[in-house]
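Before any comments, here is the structure.
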Amino acid sequence: MRPIRRTVILGLSMLLMACGGSTEKIENDMNEPNSYEKKNIGSVLALYPSPLTVIGATVDGKVNWTLVAHVGVMGHDRVMVSMKKDHHSNVGIRQNRMLSINMVDEAMLPKADLMGCVSGADVDKSGTFKYTLHNEVPTIDESPLTMVCEVVDNYQTETFDNFICRIVGTYVAEEALNEQGKIDYNTLKPVLFEFPTYKYLRTGDVIGDCKKMHK
């Protein structure tokens with residue numbers, strides 16, 4: 001057995017034993033032939049599908065909405081919202097250091113889609129959704145889940161603002177909560193976005209429980 005392969009198996013074995021599982025399956029899986037023939041297609045961003053959201057902000061005192069799918073987790077209390085610098089909302093977000101992340105479900109998808117087709121610099125989008133102000137941040141009433149966020153940093157690239165945000169408050173429709181008061185995503189059913197083909201996807205079925213699939 002090659003040293004690197006032995007190290008991989010040892011590491012996986014230790015992890016599995018910590019979870020109370022068996023190492024026999026790991027040994028068997030490592031000895032099986034590779035089931036995929038992979039082709040290098042270049043430095044293509046392939047972390048899709050991703051949750052579809054509408055970002056709420058105030059620009060020069062007026063509410064504005066922007067469709068955004070590049071939203072990511074940074075620890076348990078931070079998220080990053082990646083938006084092209086030429087978006088109208090970016091101006092207000094940089095000034096006010098606040099935004100809302102409004103999860104999109106299928107019912108609100110047509111209006112959410114429109115928010116990605118027109119710019120707030122040309123069209124007044126403030127009346128598209130009924131909204132409530134939380135910490136002076138507009139949040140969409142019909143969104144099943146909204147996070148109000150404070151922008152604590154901005155990692156800028158050539159064409160994107162990457163707003164690093166601290167979650168101030170999370171507001172969830174009661175019907176999307178389970179009996180324990182936790183979010184039930186099988187009920188909420190957020191819309192997903194798949195970039196290569198520009199398609200919206202429904203969330204799928206539950207296929208297993210985390211930390212139990214290996215048993």
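Ordered as shown in the structure tokens, chains take letters A, B, and onward, while each chain numbers its residues from 1 and ligands are numbered from 1 in the order shown.
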**Message:** as a ChimeraX atom specification, please: every residue in range 36-111 of chain A that DSSP puts in helix (DSSP H, G or I).
**Reply:** /A:88-96,106-111
Selected residues, N, CA, C and O atoms, written as a CSV table (one decimal), in the first residue's frame, please.
```
chain,number,residue,atom,x,y,z
A,88,HIS,N,-26.9,48.4,-8.5
A,88,HIS,CA,-27.3,49.6,-7.8
A,88,HIS,C,-27.3,49.5,-6.3
A,88,HIS,O,-27.0,50.4,-5.6
A,89,SER,N,-27.7,48.3,-5.8
A,89,SER,CA,-27.8,48.1,-4.4
A,89,SER,C,-26.5,48.2,-3.7
A,89,SER,O,-26.4,48.6,-2.5
A,90,ASN,N,-25.4,47.9,-4.4
A,90,ASN,CA,-24.1,48.0,-3.7
A,90,ASN,C,-23.8,49.4,-3.2
A,90,ASN,O,-23.1,49.5,-2.1
A,91,VAL,N,-24.3,50.4,-3.8
A,91,VAL,CA,-24.0,51.8,-3.3
A,91,VAL,C,-24.6,51.9,-1.9
A,91,VAL,O,-23.9,52.4,-1.0
A,92,GLY,N,-25.8,51.5,-1.7
A,92,GLY,CA,-26.5,51.7,-0.4
A,92,GLY,C,-25.9,50.7,0.6
A,92,GLY,O,-25.7,51.1,1.8
A,93,ILE,N,-25.5,49.5,0.2
A,93,ILE,CA,-24.9,48.6,1.1
A,93,ILE,C,-23.5,49.1,1.6
A,93,ILE,O,-23.2,49.0,2.8
A,94,ARG,N,-22.7,49.7,0.8
A,94,ARG,CA,-21.4,50.2,1.2
A,94,ARG,C,-21.7,51.4,2.1
A,94,ARG,O,-20.9,51.6,3.1
A,95,GLN,N,-22.7,52.2,1.9
A,95,GLN,CA,-23.0,53.4,2.7
A,95,GLN,C,-23.5,53.0,4.1
A,95,GLN,O,-23.1,53.5,5.1
A,96,ASN,N,-24.6,52.1,4.1
A,96,ASN,CA,-25.3,51.8,5.3
A,96,ASN,C,-24.8,50.7,6.1
A,96,ASN,O,-25.2,50.5,7.2
A,106,GLU,N,-40.9,29.0,-4.3
A,106,GLU,CA,-41.5,28.9,-5.7
A,106,GLU,C,-42.6,30.0,-5.9
A,106,GLU,O,-42.8,30.5,-7.0
A,107,ALA,N,-43.4,30.3,-4.8
A,107,ALA,CA,-44.5,31.2,-5.0
A,107,ALA,C,-44.0,32.6,-5.3
A,107,ALA,O,-44.7,33.4,-6.1
A,108,MET,N,-42.8,33.0,-4.8
A,108,MET,CA,-42.3,34.4,-5.1
A,108,MET,C,-41.3,34.4,-6.2
A,108,MET,O,-40.8,35.5,-6.5
A,109,LEU,N,-41.1,33.3,-6.9
A,109,LEU,CA,-40.1,33.2,-7.9
A,109,LEU,C,-40.2,34.2,-9.1
A,109,LEU,O,-39.3,34.8,-9.5
A,110,PRO,N,-41.5,34.3,-9.6
A,110,PRO,CA,-41.6,35.3,-10.8
A,110,PRO,C,-41.1,36.7,-10.5
A,110,PRO,O,-40.4,37.3,-11.2
A,111,LYS,N,-41.5,37.2,-9.3
A,111,LYS,CA,-41.1,38.6,-8.9
A,111,LYS,C,-39.6,38.6,-8.6
A,111,LYS,O,-39.0,39.6,-8.9
```
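Residue nearest Lys85 in chain A within the list A:Asn154, A:Thr132, A:Ala176, A:Ala46: A:Asn154 [criterion: smallest interatomic distance, only C-alpha atoms].
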**Asked** Which neighbours of Ala57 in chain A fall inside 7 Å, counting only C-alpha atoms, when residues of the same chain fewer than 5 positions from it are skipped, and could you give them as an NGL selection string?
**Response** :A and (63-65 or 89 or 92-93 or 99-100 or 137-138)
Go ahead and save the residues from that selection, with N, CA, C and O atoms, as a PDB file, in the first residue's frame.
```pdb
ATOM      1  N   VAL A  63     -35.942  51.939  -1.055  1.00  0.00           N
ATOM      2  CA  VAL A  63     -35.761  50.491  -0.979  1.00  0.00           C
ATOM      3  C   VAL A  63     -35.424  49.928  -2.355  1.00  0.00           C
ATOM      4  O   VAL A  63     -36.007  50.339  -3.368  1.00  0.00           O
ATOM      5  N   ASN A  64     -34.486  48.984  -2.388  1.00  0.00           N
ATOM      6  CA  ASN A  64     -34.122  48.333  -3.651  1.00  0.00           C
ATOM      7  C   ASN A  64     -33.893  46.846  -3.402  1.00  0.00           C
ATOM      8  O   ASN A  64     -33.472  46.427  -2.318  1.00  0.00           O
ATOM      9  N   TRP A  65     -34.181  46.054  -4.446  1.00  0.00           N
ATOM     10  CA  TRP A  65     -34.046  44.601  -4.380  1.00  0.00           C
ATOM     11  C   TRP A  65     -33.152  44.100  -5.505  1.00  0.00           C
ATOM     12  O   TRP A  65     -33.249  44.581  -6.633  1.00  0.00           O
ATOM     13  N   SER A  89     -27.724  48.313  -5.817  1.00  0.00           N
ATOM     14  CA  SER A  89     -27.824  48.094  -4.369  1.00  0.00           C
ATOM     15  C   SER A  89     -26.483  48.241  -3.670  1.00  0.00           C
ATOM     16  O   SER A  89     -26.432  48.600  -2.479  1.00  0.00           O
ATOM     17  N   GLY A  92     -25.811  51.530  -1.747  1.00  0.00           N
ATOM     18  CA  GLY A  92     -26.453  51.665  -0.450  1.00  0.00           C
ATOM     19  C   GLY A  92     -25.850  50.745   0.600  1.00  0.00           C
ATOM     20  O   GLY A  92     -25.741  51.114   1.778  1.00  0.00           O
ATOM     21  N   ILE A  93     -25.461  49.533   0.186  1.00  0.00           N
ATOM     22  CA  ILE A  93     -24.870  48.588   1.128  1.00  0.00           C
ATOM     23  C   ILE A  93     -23.530  49.107   1.640  1.00  0.00           C
ATOM     24  O   ILE A  93     -23.226  49.020   2.834  1.00  0.00           O
ATOM     25  N   LEU A  99     -27.877  44.942   5.146  1.00  0.00           N
ATOM     26  CA  LEU A  99     -28.634  44.337   4.050  1.00  0.00           C
ATOM     27  C   LEU A  99     -29.507  43.228   4.615  1.00  0.00           C
ATOM     28  O   LEU A  99     -29.322  42.787   5.749  1.00  0.00           O
ATOM     29  N   SER A 100     -30.449  42.775   3.808  1.00  0.00           N
ATOM     30  CA  SER A 100     -31.243  41.599   4.179  1.00  0.00           C
ATOM     31  C   SER A 100     -31.085  40.541   3.095  1.00  0.00           C
ATOM     32  O   SER A 100     -30.929  40.845   1.914  1.00  0.00           O
ATOM     33  N   VAL A 137     -33.654  47.982   7.827  1.00  0.00           N
ATOM     34  CA  VAL A 137     -33.352  47.193   6.627  1.00  0.00           C
ATOM     35  C   VAL A 137     -34.654  46.624   6.069  1.00  0.00           C
ATOM     36  O   VAL A 137     -35.428  46.012   6.822  1.00  0.00           O
ATOM     37  N   PRO A 138     -34.932  46.779   4.772  1.00  0.00           N
ATOM     38  CA  PRO A 138     -36.163  46.226   4.204  1.00  0.00           C
ATOM     39  C   PRO A 138     -36.082  44.704   4.094  1.00  0.00           C
ATOM     40  O   PRO A 138     -35.095  44.156   3.602  1.00  0.00           O
TER      41      PRO A 138
END
```
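Distance-wise, CA of Val172 in chain A and CA of Phe195 in chain A end up 26.8 Å apart.
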**Request:** Run DSSP on the backbone and give me the residues of chain A it puts in strand (DSSP E), as an MDAnalysis selection string.
**Result:** chainID A and resid 50:51 53:59 62:68 71:73 78:84 98:103 131:134 137:140 145:156 160:172 192:194 199:201
Please produce, as a tab-separated table, a per-residue contact table for range 83-178 of chain A versus range 185-192 of chain A (criterion: any atom at most 9 Å away, only C-alpha atoms considered), showing the nearest atom pair and its distance in Å to one decimal, sorted by chain then residue number.
```
residue	atom	partner	partner_atom	distance
A:Met103	CA	A:Pro190	CA	6.6
A:Val104	CA	A:Pro190	CA	5.8
A:Asp105	CA	A:Pro190	CA	4.8
A:Glu106	CA	A:Val191	CA	6.3
A:Leu109	CA	A:Val191	CA	7.9
A:Pro144	CA	A:Leu188	CA	6.8
A:Leu145	CA	A:Leu188	CA	8.3
A:Ala173	CA	A:Leu188	CA	8.7
A:Glu175	CA	A:Thr187	CA	7.7
A:Ala176	CA	A:Leu188	CA	5.2
A:Leu177	CA	A:Thr187	CA	8.1
A:Asn178	CA	A:Thr187	CA	8.9
```
